[in-house]
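This is data13.cif. It holds mmCIF, C-alpha atoms.
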```
data_work
loop_
_atom_site.label_atom_id
_atom_site.label_comp_id
_atom_site.auth_asym_id
_atom_site.auth_seq_id
_atom_site.Cartn_x
_atom_site.Cartn_y
_atom_site.Cartn_z
CA MET V 166 4.31 -2.88 27.27
CA HIS V 167 1.81 -4.85 25.15
CA SER V 168 -1.33 -3.75 26.97
CA ILE V 169 -0.42 -0.07 27.27
CA TYR V 170 0.97 0.13 23.71
CA ASN V 171 -2.05 -1.59 22.23
CA PHE V 172 -4.43 0.57 24.23
CA ALA V 173 -2.64 3.79 23.20
CA THR V 174 -2.44 2.85 19.51
CA GLY V 175 -5.93 1.31 19.48
CA PRO V 176 -8.96 2.66 21.37
CA LEU V 177 -7.20 5.82 22.59
CA CYS V 178 -6.07 6.67 19.09
CA TRP V 179 -9.62 6.27 17.75
CA ALA V 180 -10.97 8.40 20.57
CA ALA V 181 -8.41 11.14 19.94
CA PHE V 182 -9.21 11.36 16.23
CA ILE V 183 -12.96 11.28 16.81
CA ILE V 184 -12.72 14.10 19.37
CA PHE V 185 -10.33 16.07 17.15
CA ILE V 186 -12.40 15.86 13.96
CA GLY V 187 -15.80 15.88 15.68
CA GLY V 188 -14.77 18.79 17.89
CA LEU V 189 -13.65 20.87 14.91
CA LEU V 190 -16.89 20.03 13.07
CA LEU V 191 -19.00 21.12 16.05
CA LYS V 192 -16.92 24.26 16.32
CA PHE V 193 -17.50 25.02 12.65
CA ILE V 194 -21.25 24.52 13.01
CA SER V 195 -21.47 26.69 16.11
CA MET V 196 -19.46 29.50 14.47
CA VAL V 197 -21.74 29.51 11.42
CA ARG V 198 -24.80 29.44 13.70
CA ARG V 199 -23.49 32.33 15.73
CA ALA V 200 -22.78 34.38 12.63
CA ARG V 201 -26.27 33.59 11.35
CA SER V 202 -27.91 34.94 14.49
CA SER V 203 -25.67 37.93 15.23
CA GLU V 204 -24.47 39.04 11.77
CA PRO V 205 -26.80 37.42 9.22
CA TYR V 206 -25.87 40.02 6.55
CA ILE V 207 -22.49 38.24 6.10
CA PHE V 208 -24.27 35.55 4.11
CA GLY V 209 -25.55 38.18 1.69
CA TYR V 210 -22.11 39.09 0.40
CA PHE V 211 -20.22 35.88 1.16
CA SER V 212 -17.98 35.23 -1.83
CA PRO V 213 -15.88 32.11 -2.39
CA TYR V 214 -13.74 34.08 -4.84
CA PHE V 215 -12.81 36.95 -2.54
CA GLY V 216 -12.68 34.58 0.42
CA LEU V 217 -10.25 32.13 -1.17
CA ARG V 218 -8.24 35.02 -2.59
CA SER V 219 -7.68 36.19 0.94
CA VAL V 220 -6.81 32.69 2.24
CA ILE V 221 -4.27 32.24 -0.54
CA ALA V 222 -2.74 35.70 -0.10
CA TRP V 223 -2.20 34.99 3.57
CA LEU V 224 -0.61 31.62 2.74
CA ILE V 225 2.16 33.20 0.67
CA PRO V 226 5.05 34.49 2.77
CA PHE V 227 5.65 38.24 2.59
CA VAL V 228 2.46 38.96 0.66
CA PRO V 229 0.52 40.19 3.72
CA ARG V 230 1.73 43.57 4.98
CA ASN V 231 2.10 42.08 8.44
CA GLY V 232 4.62 39.58 7.08
CA LYS V 233 6.78 42.30 5.58
CA LEU V 234 6.83 44.14 8.88
CA ASN V 235 8.17 41.08 10.78
CA PRO V 236 10.45 39.20 8.40
CA VAL V 237 12.03 36.93 11.03
CA PHE V 238 8.67 35.98 12.48
CA THR V 239 7.32 35.32 8.99
CA VAL V 240 10.15 32.99 8.04
CA VAL V 241 9.97 31.08 11.34
CA THR V 242 6.21 30.78 11.36
CA PHE V 243 6.02 29.51 7.77
CA ALA V 244 8.80 26.98 8.25
CA PHE V 245 7.24 25.93 11.56
CA HIS V 246 3.71 25.42 10.25
CA ILE V 247 4.80 23.56 7.12
CA CYS V 248 6.96 21.15 9.12
CA LEU V 249 4.31 20.83 11.84
CA LEU V 250 1.77 19.54 9.33
CA VAL V 251 3.97 17.70 6.83
CA ALA V 252 6.32 15.78 9.15
CA PRO V 253 3.69 13.81 11.11
CA LEU V 254 1.35 13.33 8.13
CA PHE V 255 4.04 11.86 5.90
CA LEU V 256 6.25 10.20 8.49
CA MET V 257 7.05 6.69 7.29
CA ALA V 258 6.32 5.05 10.64
CA HIS V 259 2.92 6.81 10.93
CA VAL V 260 1.86 5.86 7.40
CA MET V 261 3.04 2.30 8.03
CA LEU V 262 0.97 1.99 11.20
CA LEU V 263 -2.03 3.40 9.37
CA GLN V 264 -1.50 0.89 6.57
CA GLU V 265 -1.25 -1.99 9.04
CA GLY V 266 -4.22 -0.74 11.07
CA VAL V 267 -6.79 0.44 8.54
CA GLY V 268 -5.21 -0.26 5.14
CA MET V 269 -4.89 3.39 4.06
CA HIS V 270 -1.56 4.66 2.85
CA TRP V 271 0.15 7.46 0.93
CA GLY V 272 3.63 8.73 0.11
CA THR V 273 6.23 9.16 2.83
CA LEU V 274 9.28 11.27 3.64
CA SER V 275 12.64 9.69 4.32
CA ASP V 276 13.37 9.39 8.03
CA ALA V 277 16.28 11.82 7.64
CA THR V 278 14.04 14.53 6.15
CA ALA V 279 11.42 14.06 8.84
CA ASP V 280 14.16 14.30 11.45
CA VAL V 281 15.26 17.73 10.16
CA MET V 282 11.64 18.91 10.01
CA THR V 283 11.13 17.85 13.62
CA VAL V 284 14.09 19.96 14.66
CA ILE V 285 12.63 22.92 12.73
CA VAL V 286 9.34 22.53 14.63
CA LEU V 287 11.18 22.52 17.96
CA VAL V 288 13.34 25.51 17.02
CA GLY V 289 10.19 27.34 15.90
CA LEU V 290 8.53 26.66 19.24
CA ALA V 291 11.63 27.87 21.08
CA TYR V 292 11.48 31.07 19.05
CA PHE V 293 7.78 31.55 19.85
CA ALA V 294 8.54 31.03 23.54
CA TYR V 295 11.38 33.56 23.35
CA ARG V 296 9.11 36.06 21.60
CA ARG V 297 6.44 35.64 24.23
CA CYS V 298 9.03 36.64 26.84
CA THR V 299 10.53 39.58 24.99
CA ASP V 300 8.00 41.14 22.61
CA PRO V 301 5.71 43.42 24.68
CA THR V 302 2.55 42.77 22.64
CA ALA V 303 3.12 39.00 22.70
CA LYS V 304 3.96 39.14 26.40
CA TYR V 305 0.70 40.94 27.08
CA VAL V 306 -1.39 38.07 25.70
CA THR V 307 0.69 35.34 27.35
CA GLY V 308 -0.56 33.57 30.46
CA PRO V 309 -0.08 30.09 31.94
CA LYS V 310 -2.47 28.65 29.35
CA GLU V 311 -0.21 29.77 26.51
CA TRP V 312 2.79 28.06 28.10
CA VAL V 313 0.87 24.84 28.64
CA LEU V 314 -0.24 24.83 25.01
CA LEU V 315 3.26 25.52 23.69
CA ALA V 316 4.51 22.60 25.80
CA LEU V 317 1.63 20.43 24.57
CA VAL V 318 2.64 21.05 20.96
CA ALA V 319 6.34 20.54 21.73
CA ALA V 320 5.80 17.27 23.62
CA PRO V 321 4.96 14.90 20.73
CA PHE V 322 7.78 16.30 18.59
CA LEU V 323 10.36 16.16 21.37
CA THR V 324 9.39 12.65 22.49
CA GLY V 325 9.19 11.53 18.86
CA PHE V 326 12.70 12.80 18.25
CA LEU V 327 14.04 11.12 21.40
CA ALA V 328 12.24 7.84 20.67
CA TYR V 329 13.50 7.79 17.07
CA HIS V 330 17.08 8.31 18.21
CA GLN V 331 16.53 5.92 21.14
CA ILE V 332 17.76 8.43 23.67
CA PHE V 333 16.57 7.55 27.22
CA ASP V 334 14.36 4.50 27.70
CA TYR V 335 12.84 3.70 24.31
CA GLN V 336 9.69 1.97 25.53
CA VAL V 337 8.80 4.79 27.93
CA MET V 338 9.56 7.42 25.29
CA VAL V 339 7.50 5.83 22.52
CA VAL V 340 4.48 5.50 24.82
CA LEU V 341 4.90 9.13 25.96
CA HIS V 342 5.12 10.11 22.29
CA ILE V 343 1.84 8.42 21.42
CA LEU V 344 0.02 9.77 24.49
CA SER V 345 1.26 13.33 24.04
CA GLY V 346 0.32 13.30 20.35
CA GLU V 347 -3.18 12.21 21.28
CA ALA V 348 -3.39 14.84 24.02
CA MET V 349 -2.43 17.53 21.49
CA LEU V 350 -5.05 16.37 18.98
CA ILE V 351 -7.74 16.36 21.67
CA ALA V 352 -6.77 19.87 22.80
CA ILE V 353 -7.04 21.41 19.31
CA PRO V 354 -10.82 21.97 19.12
CA PHE V 355 -11.02 23.42 22.62
CA THR V 356 -8.11 25.89 22.60
CA TRP V 357 -6.56 28.51 20.36
CA LEU V 358 -4.90 25.63 18.55
CA SER V 359 -8.22 25.60 16.68
CA HIS V 360 -6.82 28.46 14.58
CA MET V 361 -6.14 25.64 12.12
CA LEU V 362 -9.89 25.88 11.43
CA LEU V 363 -10.49 29.51 12.39
CA PHE V 364 -7.73 30.82 10.12
CA PRO V 365 -9.48 29.85 6.86
CA MET V 366 -12.92 30.75 8.29
CA VAL V 367 -11.87 34.23 9.37
CA ARG V 368 -10.08 34.82 6.06
CA MET V 369 -13.10 33.70 4.03
CA TYR V 370 -15.25 36.08 6.03
CA GLN V 371 -12.86 39.04 5.97
CA GLY V 372 -11.91 38.47 2.34
CA SER V 373 -15.58 38.47 1.31
CA GLU V 374 -16.26 41.71 3.12
CA PHE V 375 -13.09 43.55 2.10
CA GLY V 376 -13.07 42.27 -1.48
CA GLY V 377 -16.78 42.30 -2.27
CA VAL V 378 -18.07 45.23 -0.19
CA ARG V 379 -15.23 47.63 0.57
CA HIS V 380 -13.28 46.75 -2.60
CA VAL V 381 -9.93 46.71 -0.80
CA LYS V 382 -7.39 44.03 -0.04
CA ASP V 383 -7.36 42.56 3.46
CA TRP V 384 -3.67 41.56 3.51
CA MET K 230 65.54 -16.45 18.09
CA LYS K 231 63.26 -18.17 20.58
CA LYS K 232 61.78 -14.79 21.37
CA THR K 233 60.92 -14.12 17.72
CA ILE K 234 59.21 -17.50 17.34
CA LEU K 235 57.26 -16.92 20.50
CA LEU K 236 56.22 -13.47 19.33
CA THR K 237 55.22 -14.80 15.92
CA LEU K 238 53.15 -17.54 17.52
CA LEU K 239 51.52 -15.01 19.78
CA ALA K 240 50.71 -12.80 16.81
CA VAL K 241 49.18 -15.72 14.92
CA ALA K 242 47.13 -16.69 17.96
CA ALA K 243 45.92 -13.11 18.36
CA SER K 244 44.86 -12.80 14.74
CA LEU K 245 43.03 -16.14 15.00
CA LEU K 246 41.10 -14.72 17.93
CA TYR K 247 40.02 -11.85 15.71
CA LEU K 248 39.01 -14.27 13.00
CA LEU K 249 36.85 -16.28 15.40
CA PRO K 250 33.72 -14.16 14.93
CA ALA K 251 33.94 -14.89 11.20
CA PHE K 252 33.61 -18.61 11.93
CA CYS K 253 30.61 -17.94 14.13
CA GLN K 254 28.53 -16.61 11.23
CA GLU K 255 26.08 -19.42 12.01
CA ASP K 256 24.92 -17.33 14.93
CA MET K 257 22.42 -14.98 13.39
CA ARG K 258 21.98 -11.84 15.52
CA VAL K 259 20.21 -9.43 13.19
CA ILE K 260 18.08 -9.76 10.09
CA GLU K 261 19.83 -7.83 7.37
CA PRO K 262 18.63 -8.81 3.92
CA THR K 263 20.54 -7.12 1.11
CA ALA K 264 17.25 -6.66 -0.75
CA PHE K 265 16.61 -3.31 0.96
CA GLU K 266 18.93 -1.03 -0.94
CA ASN K 267 18.65 2.04 1.24
CA PRO K 268 17.63 0.81 4.66
CA GLN K 269 15.86 3.51 6.68
CA ARG K 270 16.23 1.73 9.99
CA PRO K 271 18.96 -0.21 11.78
CA ALA K 272 18.71 -3.95 11.08
CA ALA K 273 16.20 -5.72 13.36
CA VAL K 274 17.69 -7.73 16.23
CA PHE K 275 16.95 -11.42 15.93
CA ASN K 276 19.19 -13.90 17.63
CA HIS K 277 17.84 -16.86 15.68
CA ASP K 278 18.54 -19.81 18.02
CA ALA K 279 18.30 -17.97 21.33
CA HIS K 280 15.04 -16.34 20.20
CA ASN K 281 13.43 -19.62 19.28
CA GLU K 282 14.59 -21.28 22.45
CA LYS K 283 13.25 -18.47 24.61
CA ALA K 284 9.98 -18.43 22.70
CA GLY K 285 9.69 -22.21 23.07
CA ILE K 286 9.55 -22.87 19.30
CA GLU K 287 13.01 -24.42 18.68
CA GLY K 288 11.52 -27.46 17.01
CA ASP K 289 8.87 -25.62 15.06
CA CYS K 290 10.91 -24.33 12.12
CA TYR K 291 7.80 -24.47 9.93
CA LEU K 292 6.17 -21.60 11.87
CA CYS K 293 8.46 -19.14 10.08
CA HIS K 294 9.98 -21.08 7.19
CA HIS K 295 6.85 -21.71 5.16
CA SER K 296 6.59 -22.30 1.43
CA GLU K 297 3.02 -21.40 0.60
CA GLY K 298 2.26 -18.65 3.09
CA LYS K 299 0.76 -20.95 5.76
CA PRO K 300 2.67 -22.73 8.50
CA ASP K 301 2.76 -26.33 7.37
CA PRO K 302 5.11 -28.86 9.01
CA ASP K 303 5.16 -30.91 5.80
CA ASN K 304 6.15 -28.08 3.48
CA THR K 305 8.98 -25.96 4.84
CA SER K 306 11.76 -23.75 3.48
CA GLU K 307 14.53 -23.54 6.11
CA GLY K 308 17.56 -21.79 4.71
CA THR K 309 15.67 -20.03 1.91
CA PRO K 310 15.73 -16.28 2.59
CA CYS K 311 12.31 -14.63 2.79
CA SER K 312 13.40 -12.36 -0.06
CA ASP K 313 13.46 -15.33 -2.47
CA CYS K 314 9.66 -15.37 -2.38
CA HIS K 315 8.80 -11.88 -1.13
CA ALA K 316 9.78 -8.95 -3.33
CA VAL K 317 10.52 -5.54 -1.80
CA LYS K 318 7.91 -4.12 -4.17
CA ALA K 319 5.20 -6.75 -4.10
CA GLU K 320 2.64 -7.32 -6.84
CA LYS K 321 -0.95 -6.65 -5.94
CA GLY K 322 -2.34 -9.24 -3.54
CA LYS K 323 1.14 -10.49 -2.57
CA THR K 324 2.99 -9.79 0.66
CA GLY K 325 5.95 -7.42 0.27
CA LEU K 326 9.25 -8.21 1.98
CA MET K 327 8.96 -5.64 4.76
CA GLN K 328 5.31 -6.53 5.37
CA ALA K 329 6.26 -10.22 5.44
CA TYR K 330 8.74 -9.69 8.27
CA HIS K 331 6.53 -7.24 10.13
CA LYS K 332 3.43 -9.38 9.92
CA MET K 333 5.08 -12.66 10.80
CA CYS K 334 7.08 -11.29 13.73
CA GLN K 335 4.44 -9.01 15.19
CA ASP K 336 1.42 -11.27 14.73
CA CYS K 337 3.05 -13.91 16.90
CA HIS K 338 4.27 -11.40 19.50
CA GLN K 339 0.75 -9.99 19.70
CA ALA K 340 -0.79 -13.44 19.93
CA LYS K 341 1.59 -14.46 22.73
CA GLY K 342 1.45 -11.08 24.48
CA LYS K 343 5.27 -11.19 24.59
CA GLY K 344 8.09 -9.94 22.37
CA PRO K 345 8.69 -6.58 20.64
CA ILE K 346 5.90 -4.72 18.84
CA ALA K 347 7.14 -1.08 18.68
CA CYS K 348 9.60 -0.02 15.96
CA GLY K 349 12.62 0.68 18.15
CA GLU K 350 12.28 -2.56 20.10
CA CYS K 351 13.31 -4.45 16.96
CA HIS K 352 15.24 -1.76 15.06
CA VAL K 353 17.65 -1.16 17.93
CA ARG K 354 20.35 1.48 17.49
CA ASN K 355 23.81 0.79 18.83
#
```
Write the structure described by the file as structure tokens, please.
Amino acid sequence: MHSIYNFATGPLCWAAFIIFIGGLLLKFISMVRRARSSEPYIFGYFSPYFGLRSVIAWLIPFVPRNGKLNPVFTVVTFAFHICLLVAPLFLMAHVMLLQEGVGMHWGTLSDATADVMTVIVLVGLAYFAYRRCTDPTAKYVTGPKEWVLLALVAAPFLTGFLAYHQIFDYQVMVVLHILSGEAMLIAIPFTWLSHMLLFPMVRMYQGSEFGGVRHVKDW
Amino acid sequence: MKKTILLTLLAVAASLLYLLPAFCQEDMRVIEPTAFENPQRPAAVFNHDAHNEKAGIEGDCYLCHHSEGKPDPDNTSEGTPCSDCHAVKAEKGKTGLMQAYHKMCQDCHQAKGKGPIACGECHVRN
């Protein structure tokens, strides 16, 4: 237990975060480079105002037309993404480990709140899986890779839930939880999970063009 | 009549059996300081005497019961709860109560390569 736990929470954890942040940075640089060589005119009308306006509009539920068309999807996807980001970032145990490891710390949720948020994440993922089976357009873009990625996102939340409630063998579960969380972080820059970076980039780009050039809203 | 006496005696004996655990309070099985008003986790398992025997530190009370923050065989504090000196909300530069337990317990487990280090190994649910 000691050697595997210390390896997973030590060197592996550092590696995962370096790959996650470094990978997203490289991705950002390569996207900007590509735009510069293939569509250099973007930089002529790039506008932080119109760009951010678009980001913000898309971050408010039911403001984008798309959201109004699919109310159930909108509610699930907002609840899912909020819980997905907030629960792990403000989980007491995570912040505590960070404090013990590198001395950084910030506010935390109660364990009970984080528990509910974890369930919301898992329910959201179940809904996305269901939609990928039933909605024809979603089904069309769903292959084995999509299922692997859905499972990869579910794994740290499911194992975290089971470890917290000490269902099944605790030591096995907590190690699986740490490893699957690291696997998910590492996968983000190299898969469509990188929409966490691409979403604001695409909105900044579209918002600039639609707001500054075409003078229409892009939501 | 005899039957009633017998039954009464039996009843008294039975209730004494139930009271027994109360006399065995000496045997500490969990650490449950009242200082944490809204505990987030189940109390940590710590069978005081059995733990120290298994860890081979029965005679070394000073390792945990310090007075100044450093293990010192000549300056110990057996019987004084950690919370007497460690506040839940510690002043700057001082060790808070939760950190005190976590650091003391886990530093030794890490040093010895034995004993619990993950949350649920100490905060065991029943």
Please evaluate the PyMOL selection byres ((chain V) within 12 of (chain K)) against the structure above and give the resulting residues as a ChimeraX atom specification.
/V:166-171,173-174,256-259,261-262,264-266,273-280,325,327-332,334-340,342-343
Just the residues within 8 Å of segment 302-310 of chain K, please, counting all atoms listed in the file, with nothing from its chain fewer than 2 positions along; format it as a list of chain:residue names.
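Final neighbour list, sorted by chain and number: K:Asp289, K:Cys290, K:Tyr291, K:Leu292, K:His294, K:His295, K:Ser296, K:Glu297, K:Pro300, K:Ser312, K:Asp313, K:Cys314.
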Residue nearest Gln371 of chain V among V:Ala200, V:Ile207, V:Val306, V:Ile183 (counting only C-alpha atoms):
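The shortest atom-to-atom distance to Gln371 of chain V comes from V:Ile207.
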Rounded to one decimal, what separation in Å do you get between atom CA of Ser219 of chain V and atom CA of Phe355 of chain V?
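Interatomic distance here is 25.4 Å.
The two atoms in question, atom CA of Arg218 of chain V and atom CA of Gly376 of chain V, are spaced 8.8 Å apart.
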When you draw a straight line from atom CA of Ser202 of chain V to atom CA of Glu374 of chain V, how long is it in Å?
17.6 Å
Complete the atoms of segment 299-324 of chain K to N, CA, C and O atoms and put them out as a PDB file, in the coordinates of the input.
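Dumped everything to selection03.pdb:
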```
ATOM      1  N   LYS K 299       1.389 -20.442   4.518  1.00  0.00           N
ATOM      2  CA  LYS K 299       0.760 -20.950   5.760  1.00  0.00           C
ATOM      3  C   LYS K 299       1.724 -21.872   6.468  1.00  0.00           C
ATOM      4  O   LYS K 299       2.406 -22.645   5.794  1.00  0.00           O
ATOM      5  N   PRO K 300       1.788 -21.790   7.799  1.00  0.00           N
ATOM      6  CA  PRO K 300       2.670 -22.730   8.500  1.00  0.00           C
ATOM      7  C   PRO K 300       2.200 -24.147   8.260  1.00  0.00           C
ATOM      8  O   PRO K 300       1.047 -24.467   8.511  1.00  0.00           O
ATOM      9  N   ASP K 301       3.118 -24.959   7.707  1.00  0.00           N
ATOM     10  CA  ASP K 301       2.760 -26.330   7.370  1.00  0.00           C
ATOM     11  C   ASP K 301       3.981 -27.209   7.622  1.00  0.00           C
ATOM     12  O   ASP K 301       4.969 -27.110   6.892  1.00  0.00           O
ATOM     13  N   PRO K 302       3.933 -28.068   8.642  1.00  0.00           N
ATOM     14  CA  PRO K 302       5.110 -28.860   9.010  1.00  0.00           C
ATOM     15  C   PRO K 302       5.598 -29.739   7.862  1.00  0.00           C
ATOM     16  O   PRO K 302       6.738 -30.185   7.867  1.00  0.00           O
ATOM     17  N   ASP K 303       4.750 -30.014   6.878  1.00  0.00           N
ATOM     18  CA  ASP K 303       5.160 -30.910   5.800  1.00  0.00           C
ATOM     19  C   ASP K 303       5.699 -30.166   4.576  1.00  0.00           C
ATOM     20  O   ASP K 303       6.055 -30.792   3.574  1.00  0.00           O
ATOM     21  N   ASN K 304       5.726 -28.838   4.649  1.00  0.00           N
ATOM     22  CA  ASN K 304       6.150 -28.080   3.480  1.00  0.00           C
ATOM     23  C   ASN K 304       6.913 -26.843   3.952  1.00  0.00           C
ATOM     24  O   ASN K 304       6.345 -25.778   4.114  1.00  0.00           O
ATOM     25  N   THR K 305       8.212 -27.034   4.205  1.00  0.00           N
ATOM     26  CA  THR K 305       8.980 -25.960   4.840  1.00  0.00           C
ATOM     27  C   THR K 305      10.083 -25.455   3.922  1.00  0.00           C
ATOM     28  O   THR K 305      10.336 -26.026   2.865  1.00  0.00           O
ATOM     29  N   SER K 306      10.762 -24.387   4.351  1.00  0.00           N
ATOM     30  CA  SER K 306      11.760 -23.750   3.480  1.00  0.00           C
ATOM     31  C   SER K 306      12.955 -23.245   4.281  1.00  0.00           C
ATOM     32  O   SER K 306      13.479 -22.176   3.983  1.00  0.00           O
ATOM     33  N   GLU K 307      13.374 -23.980   5.314  1.00  0.00           N
ATOM     34  CA  GLU K 307      14.530 -23.540   6.110  1.00  0.00           C
ATOM     35  C   GLU K 307      15.719 -23.244   5.210  1.00  0.00           C
ATOM     36  O   GLU K 307      16.039 -24.042   4.329  1.00  0.00           O
ATOM     37  N   GLY K 308      16.363 -22.120   5.471  1.00  0.00           N
ATOM     38  CA  GLY K 308      17.560 -21.790   4.710  1.00  0.00           C
ATOM     39  C   GLY K 308      17.272 -20.939   3.487  1.00  0.00           C
ATOM     40  O   GLY K 308      18.164 -20.314   2.942  1.00  0.00           O
ATOM     41  N   THR K 309      16.024 -20.913   3.036  1.00  0.00           N
ATOM     42  CA  THR K 309      15.670 -20.030   1.910  1.00  0.00           C
ATOM     43  C   THR K 309      15.330 -18.652   2.477  1.00  0.00           C
ATOM     44  O   THR K 309      14.446 -18.537   3.319  1.00  0.00           O
ATOM     45  N   PRO K 310      16.045 -17.613   2.057  1.00  0.00           N
ATOM     46  CA  PRO K 310      15.730 -16.280   2.590  1.00  0.00           C
ATOM     47  C   PRO K 310      14.310 -15.863   2.188  1.00  0.00           C
ATOM     48  O   PRO K 310      13.845 -16.216   1.103  1.00  0.00           O
ATOM     49  N   CYS K 311      13.672 -15.106   3.064  1.00  0.00           N
ATOM     50  CA  CYS K 311      12.310 -14.630   2.790  1.00  0.00           C
ATOM     51  C   CYS K 311      12.272 -13.900   1.452  1.00  0.00           C
ATOM     52  O   CYS K 311      11.285 -13.952   0.721  1.00  0.00           O
ATOM     53  N   SER K 312      13.389 -13.202   1.137  1.00  0.00           N
ATOM     54  CA  SER K 312      13.400 -12.360  -0.060  1.00  0.00           C
ATOM     55  C   SER K 312      13.342 -13.173  -1.346  1.00  0.00           C
ATOM     56  O   SER K 312      13.087 -12.626  -2.411  1.00  0.00           O
ATOM     57  N   ASP K 313      13.588 -14.501  -1.274  1.00  0.00           N
ATOM     58  CA  ASP K 313      13.460 -15.330  -2.470  1.00  0.00           C
ATOM     59  C   ASP K 313      12.012 -15.366  -2.946  1.00  0.00           C
ATOM     60  O   ASP K 313      11.754 -15.547  -4.134  1.00  0.00           O
ATOM     61  N   CYS K 314      11.080 -15.264  -2.018  1.00  0.00           N
ATOM     62  CA  CYS K 314       9.660 -15.370  -2.380  1.00  0.00           C
ATOM     63  C   CYS K 314       8.912 -14.057  -2.185  1.00  0.00           C
ATOM     64  O   CYS K 314       7.819 -13.893  -2.719  1.00  0.00           O
ATOM     65  N   HIS K 315       9.484 -13.143  -1.397  1.00  0.00           N
ATOM     66  CA  HIS K 315       8.800 -11.880  -1.130  1.00  0.00           C
ATOM     67  C   HIS K 315       9.613 -10.719  -1.692  1.00  0.00           C
ATOM     68  O   HIS K 315      10.710 -10.461  -1.211  1.00  0.00           O
ATOM     69  N   ALA K 316       9.070 -10.061  -2.703  1.00  0.00           N
ATOM     70  CA  ALA K 316       9.780  -8.950  -3.330  1.00  0.00           C
ATOM     71  C   ALA K 316       9.625  -7.698  -2.489  1.00  0.00           C
ATOM     72  O   ALA K 316       8.626  -7.527  -1.791  1.00  0.00           O
ATOM     73  N   VAL K 317      10.624  -6.805  -2.531  1.00  0.00           N
ATOM     74  CA  VAL K 317      10.520  -5.540  -1.800  1.00  0.00           C
ATOM     75  C   VAL K 317       9.283  -4.787  -2.269  1.00  0.00           C
ATOM     76  O   VAL K 317       8.505  -4.268  -1.471  1.00  0.00           O
ATOM     77  N   LYS K 318       9.121  -4.731  -3.609  1.00  0.00           N
ATOM     78  CA  LYS K 318       7.910  -4.120  -4.170  1.00  0.00           C
ATOM     79  C   LYS K 318       7.006  -5.243  -4.632  1.00  0.00           C
ATOM     80  O   LYS K 318       7.219  -5.823  -5.697  1.00  0.00           O
ATOM     81  N   ALA K 319       6.016  -5.575  -3.809  1.00  0.00           N
ATOM     82  CA  ALA K 319       5.200  -6.750  -4.100  1.00  0.00           C
ATOM     83  C   ALA K 319       4.146  -6.443  -5.152  1.00  0.00           C
ATOM     84  O   ALA K 319       3.682  -5.320  -5.262  1.00  0.00           O
ATOM     85  N   GLU K 320       3.781  -7.478  -5.926  1.00  0.00           N
ATOM     86  CA  GLU K 320       2.640  -7.320  -6.840  1.00  0.00           C
ATOM     87  C   GLU K 320       1.382  -7.234  -5.996  1.00  0.00           C
ATOM     88  O   GLU K 320       1.367  -7.641  -4.842  1.00  0.00           O
ATOM     89  N   LYS K 321       0.325  -6.766  -6.642  1.00  0.00           N
ATOM     90  CA  LYS K 321      -0.950  -6.650  -5.940  1.00  0.00           C
ATOM     91  C   LYS K 321      -1.392  -8.004  -5.376  1.00  0.00           C
ATOM     92  O   LYS K 321      -1.265  -9.019  -6.051  1.00  0.00           O
ATOM     93  N   GLY K 322      -1.851  -8.009  -4.126  1.00  0.00           N
ATOM     94  CA  GLY K 322      -2.340  -9.240  -3.540  1.00  0.00           C
ATOM     95  C   GLY K 322      -1.257 -10.107  -2.916  1.00  0.00           C
ATOM     96  O   GLY K 322      -1.538 -11.089  -2.256  1.00  0.00           O
ATOM     97  N   LYS K 323       0.036  -9.742  -3.164  1.00  0.00           N
ATOM     98  CA  LYS K 323       1.140 -10.490  -2.570  1.00  0.00           C
ATOM     99  C   LYS K 323       1.680  -9.718  -1.364  1.00  0.00           C
ATOM    100  O   LYS K 323       1.452  -8.513  -1.237  1.00  0.00           O
ATOM    101  N   THR K 324       2.418 -10.420  -0.525  1.00  0.00           N
ATOM    102  CA  THR K 324       2.990  -9.790   0.660  1.00  0.00           C
ATOM    103  C   THR K 324       4.403  -9.299   0.358  1.00  0.00           C
ATOM    104  O   THR K 324       5.258 -10.098  -0.022  1.00  0.00           O
TER     105      THR K 324
END
```
